[in-house]
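Trainee: This one is target30.txt, compact mmCIF, C-alpha atoms.
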```txt
# COMPACT_ATOMS: atom_id res chain seq x y z
CA MET A 1 148.80 -86.38 23.39
CA SER A 2 147.75 -82.78 23.93
CA ALA A 3 150.41 -80.09 23.79
CA PRO A 4 151.73 -78.91 27.16
CA ASP A 5 150.72 -75.53 28.53
CA VAL A 6 153.64 -73.16 28.06
CA PHE A 7 152.81 -71.51 31.38
CA ALA A 8 152.61 -74.75 33.41
CA PRO A 9 155.52 -76.18 35.43
CA ALA A 10 158.04 -78.30 33.53
CA THR A 11 161.37 -80.01 33.99
CA LEU A 12 164.71 -79.32 32.33
CA GLY A 13 166.99 -82.22 33.14
CA PRO A 14 167.14 -82.34 36.95
CA VAL A 15 165.66 -78.83 37.29
CA THR A 16 162.00 -77.94 37.85
CA LEU A 17 160.88 -74.76 36.12
CA ARG A 18 157.72 -72.89 37.00
CA ASN A 19 156.93 -72.60 33.27
CA ARG A 20 158.48 -73.21 29.87
CA THR A 21 159.62 -69.65 29.14
CA VAL A 22 163.29 -68.71 28.95
CA LYS A 23 164.89 -65.29 28.93
CA ALA A 24 167.57 -65.74 26.30
CA ALA A 25 171.08 -64.56 27.07
CA THR A 26 171.39 -60.94 25.98
CA PHE A 27 174.57 -59.14 26.94
CA GLU A 28 173.76 -56.93 29.90
CA GLY A 29 176.61 -54.39 29.97
CA ARG A 30 176.41 -54.18 33.76
CA SER A 31 179.76 -55.55 34.92
CA PRO A 32 182.17 -52.66 34.19
CA HIS A 33 184.88 -54.16 36.37
CA GLY A 34 184.23 -57.79 35.52
CA GLN A 35 182.19 -58.32 38.68
CA VAL A 36 178.52 -58.85 39.49
CA THR A 37 176.89 -55.52 40.35
CA ASP A 38 173.59 -54.52 41.92
CA GLU A 39 172.58 -53.33 38.45
CA LEU A 40 173.21 -56.77 36.96
CA ILE A 41 171.14 -58.38 39.70
CA ASP A 42 168.30 -55.91 39.15
CA TYR A 43 168.42 -56.61 35.41
CA HIS A 44 167.68 -60.31 36.01
CA LEU A 45 165.27 -59.70 38.88
CA ALA A 46 162.97 -57.75 36.55
CA PRO A 47 162.01 -60.66 34.25
CA ALA A 48 162.23 -63.11 37.16
CA ARG A 49 159.63 -61.10 39.06
CA GLY A 50 157.73 -60.76 35.79
CA GLY A 51 157.09 -64.49 35.51
CA ILE A 52 159.90 -65.87 33.36
CA GLY A 53 160.67 -69.51 34.10
CA LEU A 54 164.43 -69.34 33.48
CA THR A 55 166.61 -66.25 33.12
CA THR A 56 170.01 -66.58 31.46
CA VAL A 57 173.10 -64.62 32.47
CA ALA A 58 175.30 -63.61 29.54
CA TYR A 59 178.17 -63.80 28.97
CA LEU A 60 180.30 -65.75 31.46
CA ALA A 61 183.77 -66.27 30.04
CA VAL A 62 185.90 -69.28 30.95
CA ALA A 63 189.23 -67.50 30.34
CA PRO A 64 190.53 -63.91 30.10
CA GLU A 65 191.08 -64.11 26.34
CA GLY A 66 187.59 -65.56 26.01
CA ARG A 67 185.84 -62.27 26.84
CA THR A 68 184.47 -60.19 24.00
CA HIS A 69 185.98 -57.26 25.89
CA HIS A 70 187.54 -56.66 29.29
CA GLU A 71 184.36 -55.65 31.15
CA GLN A 72 182.91 -59.14 30.99
CA ILE A 73 182.89 -61.56 33.89
CA VAL A 74 185.49 -64.32 33.91
CA VAL A 75 184.21 -67.17 36.07
CA GLY A 76 186.62 -67.85 38.91
CA PRO A 77 187.22 -67.66 42.66
CA ASP A 78 187.15 -63.86 42.63
CA THR A 79 183.70 -63.72 41.01
CA LEU A 80 182.10 -66.56 42.98
CA ALA A 81 180.65 -64.43 45.78
CA GLY A 82 178.94 -62.03 43.39
CA LEU A 83 177.56 -64.84 41.26
CA SER A 84 176.15 -66.49 44.40
CA ARG A 85 174.48 -63.24 45.38
CA LEU A 86 172.89 -63.09 41.91
CA THR A 87 171.51 -66.63 42.00
CA ASP A 88 170.16 -66.19 45.53
CA ALA A 89 168.26 -63.09 44.47
CA VAL A 90 166.72 -64.76 41.41
CA HIS A 91 165.76 -67.89 43.36
CA GLU A 92 163.80 -65.78 45.84
CA THR A 93 161.41 -64.87 43.01
CA GLY A 94 160.67 -68.50 42.15
CA ALA A 95 162.54 -68.38 38.84
CA ALA A 96 165.50 -70.56 37.88
CA ILE A 97 168.78 -69.14 36.57
CA ALA A 98 171.15 -70.26 33.82
CA GLY A 99 174.72 -69.20 33.19
CA GLN A 100 175.83 -68.92 29.58
CA VAL A 101 179.34 -70.39 29.63
CA GLY A 102 181.58 -69.56 26.72
CA HIS A 103 184.77 -68.52 25.03
CA ALA A 104 184.44 -65.72 22.50
CA GLY A 105 187.24 -66.97 20.23
CA PRO A 106 187.54 -64.64 17.21
CA VAL A 107 184.74 -62.39 18.51
CA ALA A 108 186.99 -61.37 21.42
CA ASN A 109 188.59 -57.94 21.33
CA GLY A 110 192.22 -58.78 22.02
CA ARG A 111 193.22 -55.14 22.41
CA SER A 112 190.55 -54.57 25.07
CA ASN A 113 191.42 -57.83 26.84
CA ARG A 114 195.16 -57.15 26.54
CA VAL A 115 195.68 -60.69 25.27
CA HIS A 116 195.41 -61.92 21.69
CA ALA A 117 192.24 -63.74 20.71
CA ILE A 118 192.29 -67.32 19.46
CA ALA A 119 190.17 -69.12 16.87
CA ALA A 120 190.16 -72.29 14.81
CA SER A 121 192.44 -70.61 12.25
CA ALA A 122 194.40 -67.37 12.12
CA MET A 123 192.48 -64.36 10.84
CA PRO A 124 192.49 -60.55 11.08
CA SER A 125 190.24 -59.07 13.76
CA PRO A 126 188.06 -56.11 12.74
CA LEU A 127 187.49 -55.45 16.45
CA SER A 128 191.07 -55.10 17.66
CA MET A 129 192.95 -54.61 14.37
CA GLN A 130 195.15 -57.47 15.54
CA LEU A 131 195.75 -60.95 14.18
CA VAL A 132 193.64 -63.64 15.85
CA ARG A 133 195.93 -66.63 16.21
CA ALA A 134 195.10 -70.26 15.56
CA ALA A 135 194.50 -72.18 18.78
CA SER A 136 197.20 -74.70 19.58
CA GLU A 137 196.72 -78.15 21.06
CA ALA A 138 197.82 -76.70 24.39
CA ASP A 139 195.21 -73.92 24.05
CA LEU A 140 192.42 -76.40 23.41
CA THR A 141 193.43 -78.55 26.35
CA ARG A 142 193.57 -75.46 28.56
CA VAL A 143 190.23 -74.11 27.33
CA THR A 144 188.47 -77.45 27.83
CA GLY A 145 189.80 -77.52 31.38
CA ALA A 146 188.63 -73.93 31.86
CA TYR A 147 185.09 -74.93 30.88
CA VAL A 148 185.20 -77.66 33.52
CA THR A 149 186.52 -75.32 36.21
CA ALA A 150 183.94 -72.67 35.33
CA ALA A 151 181.16 -75.24 35.42
CA ARG A 152 182.13 -76.34 38.90
CA THR A 153 182.31 -72.74 40.10
CA LEU A 154 178.86 -71.95 38.67
CA VAL A 155 177.39 -75.01 40.38
CA ARG A 156 178.89 -73.80 43.65
CA ALA A 157 177.38 -70.37 42.98
CA GLY A 158 173.91 -71.90 42.75
CA PHE A 159 173.15 -71.86 39.02
CA ASP A 160 170.48 -74.31 37.91
CA VAL A 161 171.46 -74.56 34.25
CA LEU A 162 174.73 -74.25 32.33
CA GLU A 163 174.32 -73.12 28.72
CA LEU A 164 177.38 -73.95 26.59
CA HIS A 165 177.77 -71.34 23.84
CA MET A 166 178.41 -73.12 20.53
CA ALA A 167 177.01 -70.52 18.12
CA HIS A 168 177.50 -66.99 16.73
CA SER A 169 181.13 -67.55 15.54
CA TYR A 170 182.47 -67.80 19.10
CA LEU A 171 185.35 -70.22 19.66
CA ILE A 172 183.50 -73.54 19.37
CA SER A 173 181.44 -72.20 16.48
CA SER A 174 184.60 -71.07 14.67
CA PHE A 175 185.70 -74.71 14.60
CA LEU A 176 182.33 -75.80 13.20
CA ALA A 177 182.28 -73.25 10.36
CA PRO A 178 184.24 -74.52 7.32
CA GLY A 179 185.07 -70.96 6.22
CA LEU A 180 186.66 -70.15 9.59
CA ASN A 181 188.33 -73.53 10.13
CA ARG A 182 191.10 -74.18 7.62
CA ARG A 183 193.05 -76.56 9.82
CA LYS A 184 194.73 -79.68 8.48
CA ASP A 185 195.05 -81.48 11.83
CA ARG A 186 192.54 -83.53 13.82
CA TRP A 187 190.50 -80.39 14.57
CA GLY A 188 189.81 -79.53 10.93
CA GLY A 189 188.61 -81.00 7.66
CA SER A 190 185.70 -83.37 8.17
CA LEU A 191 182.67 -82.33 10.19
CA GLU A 192 183.51 -85.00 12.74
CA ASN A 193 186.88 -83.32 13.25
CA ARG A 194 185.43 -79.81 13.30
CA ALA A 195 182.86 -80.92 15.90
CA ARG A 196 185.53 -82.46 18.13
CA LEU A 197 185.88 -79.42 20.39
CA ALA A 198 182.11 -79.02 20.88
CA ARG A 199 181.74 -82.67 21.86
CA GLN A 200 184.87 -82.63 24.03
CA VAL A 201 183.69 -79.60 26.00
CA ALA A 202 180.14 -80.92 26.45
CA ARG A 203 181.43 -84.30 27.58
CA ALA A 204 183.95 -82.82 30.01
CA VAL A 205 181.37 -80.50 31.57
CA ARG A 206 178.80 -83.27 31.92
CA GLU A 207 181.35 -85.58 33.54
CA GLU A 208 182.18 -82.82 36.02
CA VAL A 209 178.65 -81.79 37.06
CA GLY A 210 176.72 -85.05 36.53
CA ASP A 211 173.06 -84.44 37.25
CA GLU A 212 173.64 -81.64 39.77
CA VAL A 213 172.45 -79.11 37.18
CA ALA A 214 171.01 -79.11 33.67
CA VAL A 215 173.47 -78.74 30.79
CA THR A 216 172.26 -77.18 27.54
CA ALA A 217 173.92 -75.82 24.41
CA LYS A 218 173.20 -72.85 22.17
CA LEU A 219 173.56 -74.17 18.61
CA SER A 220 173.36 -72.50 15.23
CA LEU A 221 170.73 -73.44 12.68
CA GLY A 222 172.41 -71.07 10.22
CA ASP A 223 175.15 -68.45 10.51
CA GLY A 224 173.96 -66.38 7.57
CA PHE A 225 177.31 -66.01 5.77
CA ARG A 226 179.22 -67.96 3.12
CA GLY A 227 181.47 -70.45 4.86
CA GLY A 228 179.49 -70.37 8.09
CA VAL A 229 177.48 -73.07 9.81
CA THR A 230 174.56 -74.06 7.58
CA THR A 231 171.34 -75.73 8.67
CA ASP A 232 172.68 -79.08 7.41
CA ILE A 233 175.91 -78.64 9.38
CA GLY A 234 174.09 -77.49 12.51
CA LEU A 235 171.72 -80.43 12.34
CA GLU A 236 174.56 -82.92 12.00
CA VAL A 237 176.39 -81.34 14.95
CA ALA A 238 173.17 -81.62 16.97
CA ARG A 239 172.90 -85.30 16.04
CA LEU A 240 176.48 -85.92 17.19
CA LEU A 241 175.84 -84.16 20.50
CA GLU A 242 172.61 -86.09 20.97
CA SER A 243 174.42 -89.38 20.36
CA ASP A 244 176.86 -88.46 23.15
CA GLY A 245 174.01 -87.99 25.63
CA THR A 246 175.65 -84.97 27.25
CA LEU A 247 172.88 -82.38 26.92
CA ASP A 248 169.49 -81.90 28.57
CA ALA A 249 168.30 -79.47 25.88
CA MET A 250 169.44 -77.41 22.91
CA GLN A 251 168.61 -73.78 22.21
CA LEU A 252 168.46 -73.10 18.46
CA SER A 253 169.89 -69.76 17.40
CA GLY A 254 171.46 -68.25 14.30
CA GLY A 255 173.62 -65.50 12.92
CA SER A 256 177.22 -64.53 13.54
CA SER A 257 178.48 -61.82 15.90
CA LEU A 258 181.52 -61.65 13.64
CA MET A 259 179.97 -61.69 10.17
CA ASN A 260 176.18 -61.21 10.22
CA PRO A 261 174.57 -60.24 13.54
CA MET A 262 171.30 -59.11 11.93
CA TYR A 263 170.62 -62.69 10.85
CA LEU A 264 169.84 -63.25 14.54
CA PHE A 265 168.03 -60.00 15.29
CA ARG A 266 166.08 -59.20 12.06
CA GLY A 267 164.01 -56.04 11.80
CA ASP A 268 165.23 -52.45 11.62
CA VAL A 269 168.95 -51.67 11.37
CA PRO A 270 169.92 -48.75 13.66
CA LEU A 271 173.12 -48.05 11.71
CA LYS A 272 173.53 -44.43 12.79
CA GLU A 273 172.99 -45.20 16.49
CA PHE A 274 175.17 -48.30 16.34
CA ALA A 275 178.05 -46.42 14.70
CA ALA A 276 177.77 -43.62 17.25
CA SER A 277 178.26 -46.10 20.09
CA MET A 278 181.48 -47.56 18.63
CA PRO A 279 185.11 -46.51 19.17
CA LEU A 280 186.36 -44.11 16.49
CA PRO A 281 188.23 -46.67 14.31
CA VAL A 282 185.18 -48.94 14.18
CA ARG A 283 182.90 -45.95 13.63
CA LEU A 284 184.92 -44.90 10.61
CA GLY A 285 185.01 -48.45 9.31
CA MET A 286 181.24 -48.71 9.48
CA ARG A 287 180.95 -45.81 7.03
CA THR A 288 182.65 -47.86 4.31
CA PRO A 289 180.67 -50.18 2.01
CA VAL A 290 182.16 -53.18 3.82
CA GLY A 291 181.18 -51.73 7.18
CA ARG A 292 177.64 -50.95 6.07
CA SER A 293 177.24 -54.49 4.71
CA PHE A 294 178.03 -55.87 8.18
CA LEU A 295 174.57 -54.88 9.40
CA LYS A 296 172.35 -56.34 6.70
CA SER A 297 168.66 -55.49 6.59
CA ILE A 298 166.57 -58.65 7.03
CA PRO A 299 162.80 -58.25 7.45
CA PHE A 300 161.33 -59.33 10.77
CA GLU A 301 158.62 -61.93 11.01
CA GLU A 302 157.25 -63.70 14.05
CA ALA A 303 159.23 -66.85 14.96
CA TYR A 304 161.57 -66.38 11.99
CA PHE A 305 163.69 -69.46 12.82
CA LEU A 306 160.69 -71.80 13.00
CA ASP A 307 161.03 -73.46 9.59
CA LYS A 308 164.68 -74.34 10.14
CA ALA A 309 164.03 -75.35 13.75
CA LEU A 310 161.36 -77.80 12.61
CA ARG A 311 164.05 -79.77 10.77
CA PHE A 312 165.84 -80.20 14.09
CA ARG A 313 162.60 -81.12 15.83
CA GLU A 314 161.83 -83.82 13.27
CA ALA A 315 165.32 -85.33 13.48
CA LEU A 316 166.06 -85.17 17.22
CA SER A 317 164.59 -86.45 20.47
CA THR A 318 166.51 -83.97 22.66
CA PRO A 319 164.29 -81.23 24.16
CA LEU A 320 164.54 -78.02 22.12
CA MET A 321 164.16 -74.32 22.91
CA LEU A 322 162.65 -72.28 20.08
CA LEU A 323 164.22 -68.82 19.73
CA GLY A 324 163.84 -65.99 17.26
CA GLY A 325 161.32 -63.18 17.40
CA ILE A 326 158.75 -64.77 19.69
CA ASN A 327 156.40 -62.06 20.86
CA ARG A 328 152.90 -63.57 20.86
CA ARG A 329 150.99 -65.93 23.14
CA ASP A 330 149.63 -67.96 20.23
CA THR A 331 153.14 -68.39 18.84
CA MET A 332 154.32 -69.75 22.17
CA GLN A 333 151.49 -72.26 22.36
CA ARG A 334 151.97 -73.19 18.71
CA ALA A 335 155.60 -74.03 19.52
CA MET A 336 154.34 -76.47 22.15
CA GLU A 337 151.97 -78.04 19.61
CA LEU A 338 154.85 -78.50 17.16
CA GLY A 339 156.90 -80.40 19.74
CA PHE A 340 159.22 -77.76 21.17
CA GLU A 341 159.62 -77.97 24.92
CA TYR A 342 160.54 -74.35 25.70
CA VAL A 343 160.36 -70.89 24.14
CA ALA A 344 163.15 -68.34 24.53
CA MET A 345 162.67 -64.59 24.28
CA GLY A 346 165.12 -61.71 24.27
CA ARG A 347 163.95 -58.30 23.06
CA ALA A 348 160.32 -58.96 24.02
CA VAL A 349 161.16 -59.17 27.74
CA LEU A 350 163.81 -56.48 27.44
CA ARG A 351 160.96 -54.16 26.46
CA GLU A 352 158.49 -55.63 28.99
CA PRO A 353 160.05 -57.63 31.84
CA ASP A 354 156.57 -58.59 33.09
CA LEU A 355 155.39 -59.83 29.69
CA VAL A 356 155.22 -63.51 30.67
CA ASP A 357 152.87 -62.85 33.58
CA ARG A 358 150.70 -60.57 31.45
CA LEU A 359 150.48 -63.18 28.70
CA ARG A 360 149.73 -65.90 31.24
CA ARG A 361 146.90 -63.85 32.73
CA GLU A 362 145.66 -63.12 29.19
CA GLU A 363 145.86 -59.39 29.83
CA VAL A 364 147.58 -59.07 26.44
CA ALA A 365 147.95 -61.34 23.41
CA GLN A 366 151.35 -60.09 22.37
CA GLY A 367 154.25 -58.00 23.55
CA ALA A 368 154.89 -54.37 22.72
CA CYS A 369 158.37 -54.84 21.17
CA ILE A 370 158.45 -53.41 17.64
CA HIS A 371 161.89 -54.88 16.79
CA CYS A 372 163.38 -51.48 16.05
CA ASN A 373 166.65 -52.87 17.46
CA LEU A 374 167.52 -49.59 19.11
CA CYS A 375 168.45 -51.75 22.11
CA MET A 376 171.49 -53.07 20.20
CA PRO A 377 173.62 -49.90 20.40
CA THR A 378 172.84 -49.51 24.11
CA ILE A 379 175.03 -52.55 24.79
CA TYR A 380 177.94 -50.12 24.74
CA ALA A 381 176.20 -47.20 26.42
CA ALA A 382 176.55 -46.01 29.98
CA GLY A 383 174.18 -47.96 32.18
CA GLY A 384 174.14 -51.02 29.96
CA THR A 385 171.68 -52.69 27.62
CA HIS A 386 168.16 -51.33 27.75
CA CYS A 387 165.10 -50.66 25.64
CA PRO A 388 165.08 -46.94 24.75
CA VAL A 389 161.38 -47.21 23.93
CA ARG A 390 158.83 -47.58 26.70
CA SER A 391 155.53 -49.42 26.43
CA PRO A 392 152.45 -47.44 27.55
CA GLY A 393 152.21 -47.94 31.27
CA GLY A 394 155.03 -50.52 31.16
CA VAL A 395 158.66 -50.54 32.16
CA GLY A 396 161.57 -51.60 30.00
CA LEU A 397 164.78 -53.00 31.41
CA THR A 398 166.92 -49.91 31.87
CA ALA A 399 170.57 -49.73 31.70
CA ALA A 400 170.91 -58.21 23.95
CA SER A 401 174.12 -61.30 22.27
```
As a first step, turn the structure in this file into C-alpha cells.
Mentor:
Amino acid sequence: MSAPDVFAPATLGPVTLRNRTVKAATFEGRSPHGQVTDELIDYHLAPARGGIGLTTVAYLAVAPEGRTHHEQIVVGPDTLAGLSRLTDAVHETGAAIAGQVGHAGPVANGRSNRVHAIAASAMPSPLSMQLVRAASEADLTRVTGAYVTAARTLVRAGFDVLELHMAHSYLISSFLAPGLNRRKDRWGGSLENRARLARQVARAVREEVGDEVAVTAKLSLGDGFRGGVTTDIGLEVARLLESDGTLDAMQLSGGSSLMNPMYLFRGDVPLKEFAASMPLPVRLGMRTPVGRSFLKSIPFEEAYFLDKALRFREALSTPLMLLGGINRRDTMQRAMELGFEYVAMGRAVLREPDLVDRLRREEVAQGACIHCNLCMPTIYAAGGTHCPVRSPGGVGLTAAS
C-alpha cells in the first residue's frame, strides 16, 4: 500500500483531522491567573489558521499540586467557560484541539503552588528547595479520580483529543523510572507494578469518555538519565497500554524536565538566557557545575528520535505520532512511508505558525527554525513563550514542555 499523504484528511480514533500534522504541547505561559486568556487563544489560533491539523494545549493540570507552578490551569468548573471559548475559536478555523492532561509530580514547584509536590518516592526538589513526598494510596486514588473528572470537563469544553502525559518525569513517569521509584509496595519493583498507575489512569479515563473523544498518551522512548525510562522500558509500557486497548494513539517523546530537558530539545543551549529568566536561587544554582550539567549540549539532527521510534513502530499496531526535530516536508512524508500515522512539531511552528500551509503548498521545503532554543527561556518571560527570532517575511508566535 502507498504511504498516506501527510496533508490529506485522516482519523484519530473518533475524530476526523484535516491532515496528519500535530502541534505538540509546548508550555504557553499565557495563563498568569490560571485561566484561559485572549493571549492563550491567539497562541493556538495562529497555527490553527496556519494549517495544523491538531493543536495541543499544554499543560492542563488535574489537581492544584499537579501544576509545575501556580500560573497553570487546573481543569475544573471555574476554568470550563474559558476552555470552551478556546475550543470554539480553534474549531472555527477547521483545526481540531487536544488538551494535554497531566500531573507534574516531582516537576511541580511546591513553593509556587503552596502545596508540597508528590512523586513515586520522596526526593529533594531543586525547584522549590522542599522535600517532594511519596504519594500515598489515598493520593493515587484521588489523582486517578482527578484525571477522570478533568477528562469529563474537557469533553464538556469541546476538546477533540485528550493527551495523557506519561513522560518527562511527571507523576506517572516518575513511577515508570526505576531510579525515581524506590517503592516496595504494589506500585514499585517490577515494571508491571511501576506501570500500574499509567494503566489505571488510561483505563479510568477511557471508561469515562468512551468514544466521545480520542484518548492518546505521551510516552517516553528514553529519559536520557541514569535510572530513567529507557527505550526498552518505554516499549514494554507501550505494549502493556496497547494490550489494554485504552488508547487511540501514542506520541513518542523523550527527555526529563527534572533531569535532562535538552534530551528532548537538542541543539544550542542558551544557558545565559535561561539562567537570567530564573528566580535568584535557581540562577545561582545554575552557575555551579551541577547546575551547568543540567542543560547538556546534544547536537541537533532532523528527526532525532526516529531510530528509537522505529522500534516502537515495529512492535506495535497502535497509531504513532513521530516527534523530535521535524522541520522538513520530506521528513514528514518519510515518516508516513515508515508507518507513522502523524507527525508532531513544536519549535518549527512556534517560529512559523503558517508552516504547515506553506509546506502543503510547496512554497518551502523546510521550516526556518534553527533550533537555537532561545524560545526556552521565554517560557518564564513576560508575555509568554515565543520565538525571539523572526523568519524573513514571517511571523513567530509572540508572547515550548
Trainee: For A:Gly222, which residue among A:Val269, A:Ala167, A:Ala98, A:Leu258 is the nearest when counting all atoms listed in the file?
Mentor: A:Ala167
Trainee: Work out how far apart atom CA of A:Asp185 and atom CA of A:Thr68 are and give it in Å to one decimal.
Mentor: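 The value is 26.7 Å.
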Trainee: Quick one: residues within 9 Å of A:Gln72, all atoms listed in the file, excluding same-chain residues fewer than 4 positions away - as a compact mmCIF listing (two decimals) with C-alpha atoms, in the frame of the given file?
Mentor:
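Saved file selection_30.txt follows:
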```
# COMPACT_ATOMS: atom_id res chain seq x y z
CA GLY A 29 176.61 -54.39 29.97
CA ARG A 30 176.41 -54.18 33.76
CA SER A 31 179.76 -55.55 34.92
CA PRO A 32 182.17 -52.66 34.19
CA HIS A 33 184.88 -54.16 36.37
CA GLY A 34 184.23 -57.79 35.52
CA GLN A 35 182.19 -58.32 38.68
CA ALA A 58 175.30 -63.61 29.54
CA TYR A 59 178.17 -63.80 28.97
CA LEU A 60 180.30 -65.75 31.46
CA ALA A 61 183.77 -66.27 30.04
CA ARG A 67 185.84 -62.27 26.84
CA THR A 68 184.47 -60.19 24.00
```
Trainee: From (181.8, -81.3, 33.9), in the file's coordinates, out to 12 Å: which residues are reached, counting all atoms listed in the file? Answer as a ChimeraX atom specification.
Mentor: /A:101,144-155,162,164,200-215,246-247
Trainee: Could you give me, as an mmCIF file with C-alpha atoms, keeping the file's coordinate frame, the residues that sit within 12 Å of (174.4, -52.0, 40.7) in the file's coordinates, counting only C-alpha atoms?
Mentor:
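Writing the result to result.cif gives the following:
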```cif
data_model
loop_
_atom_site.group_PDB
_atom_site.id
_atom_site.type_symbol
_atom_site.label_atom_id
_atom_site.label_comp_id
_atom_site.auth_asym_id
_atom_site.auth_seq_id
_atom_site.Cartn_x
_atom_site.Cartn_y
_atom_site.Cartn_z
ATOM 1 C CA GLU A 28 173.760 -56.930 29.900
ATOM 2 C CA GLY A 29 176.610 -54.390 29.970
ATOM 3 C CA ARG A 30 176.410 -54.180 33.760
ATOM 4 C CA SER A 31 179.760 -55.550 34.920
ATOM 5 C CA PRO A 32 182.170 -52.660 34.190
ATOM 6 C CA HIS A 33 184.880 -54.160 36.370
ATOM 7 C CA GLN A 35 182.190 -58.320 38.680
ATOM 8 C CA VAL A 36 178.520 -58.850 39.490
ATOM 9 C CA THR A 37 176.890 -55.520 40.350
ATOM 10 C CA ASP A 38 173.590 -54.520 41.920
ATOM 11 C CA GLU A 39 172.580 -53.330 38.450
ATOM 12 C CA LEU A 40 173.210 -56.770 36.960
ATOM 13 C CA ILE A 41 171.140 -58.380 39.700
ATOM 14 C CA ASP A 42 168.300 -55.910 39.150
ATOM 15 C CA TYR A 43 168.420 -56.610 35.410
ATOM 16 C CA HIS A 44 167.680 -60.310 36.010
ATOM 17 C CA GLY A 82 178.940 -62.030 43.390
ATOM 18 C CA LEU A 86 172.890 -63.090 41.910
ATOM 19 C CA GLY A 383 174.180 -47.960 32.180
ATOM 20 C CA GLY A 384 174.140 -51.020 29.960
ATOM 21 C CA THR A 398 166.920 -49.910 31.870
ATOM 22 C CA ALA A 399 170.570 -49.730 31.700
#
```
Trainee: So how many Å separate atom CA of A:Thr385 and atom CA of A:Ile370, to one decimal?
Mentor: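 Answer for the atom CA of A:Thr385 to atom CA of A:Ile370 separation: 16.6 Å.
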Trainee: Quick one: contact table of stretch 252-363 of chain A to stretch 170-180 of chain A, 12 Å max, nearest atom pair and distance in Å to one decimal per residue, counting all atoms listed in the file, chain and number order, as JSON lines?
Mentor:
```
{"residue": "A:Ser253", "atom": "CA", "partner": "A:Ser173", "partner_atom": "CA", "distance": 11.8}
{"residue": "A:Gly254", "atom": "CA", "partner": "A:Ser173", "partner_atom": "CA", "distance": 11.0}
{"residue": "A:Gly255", "atom": "CA", "partner": "A:Ser173", "partner_atom": "CA", "distance": 10.9}
{"residue": "A:Ser256", "atom": "CA", "partner": "A:Tyr170", "partner_atom": "CA", "distance": 8.3}
{"residue": "A:Ser257", "atom": "CA", "partner": "A:Tyr170", "partner_atom": "CA", "distance": 7.9}
{"residue": "A:Leu258", "atom": "CA", "partner": "A:Tyr170", "partner_atom": "CA", "distance": 8.3}
{"residue": "A:Met259", "atom": "CA", "partner": "A:Leu180", "partner_atom": "CA", "distance": 10.8}
```
Trainee: Can you tell me how far atom CA of A:Arg351 sits from atom CA of A:Asp330, in Å to one decimal?
Mentor: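 Separation of atom CA of A:Arg351 and atom CA of A:Asp330: 18.9 Å.
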Trainee: Using all atoms listed in the file, which protein or nucleic acid residues come within 12 Å of A:Ala335? Drop anything in the same chain fewer than 3 positions from it, and give the result as a ChimeraX atom specification.
Mentor: /A:3-6,20-21,302-303,305-307,309-310,313,320-324,326,328-332,338-344
Trainee: Ranking A:Arg360, A:His116, A:Ala382, A:Met1 by minimum distance to A:Gly51 and counting all atoms listed in the file, which one comes first?
Mentor: A:Arg360
Trainee: Determine the nearest neighbour of A:Gln130 from the options A:Arg199, A:Val143, A:Ala8, A:Arg111, counting all atoms listed in the file.
Mentor: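 Once distances to A:Gln130 are computed over all atoms listed in the file, the minimum belongs to A:Arg111.
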Trainee: For A:Gly53, please output as number ranges by chain all residues within 9 Å (counting only C-alpha atoms; exclusion window: fewer than 5 positions along the same chain).
Mentor: A: 7, 9, 17-23, 47-48, 94-97, 356
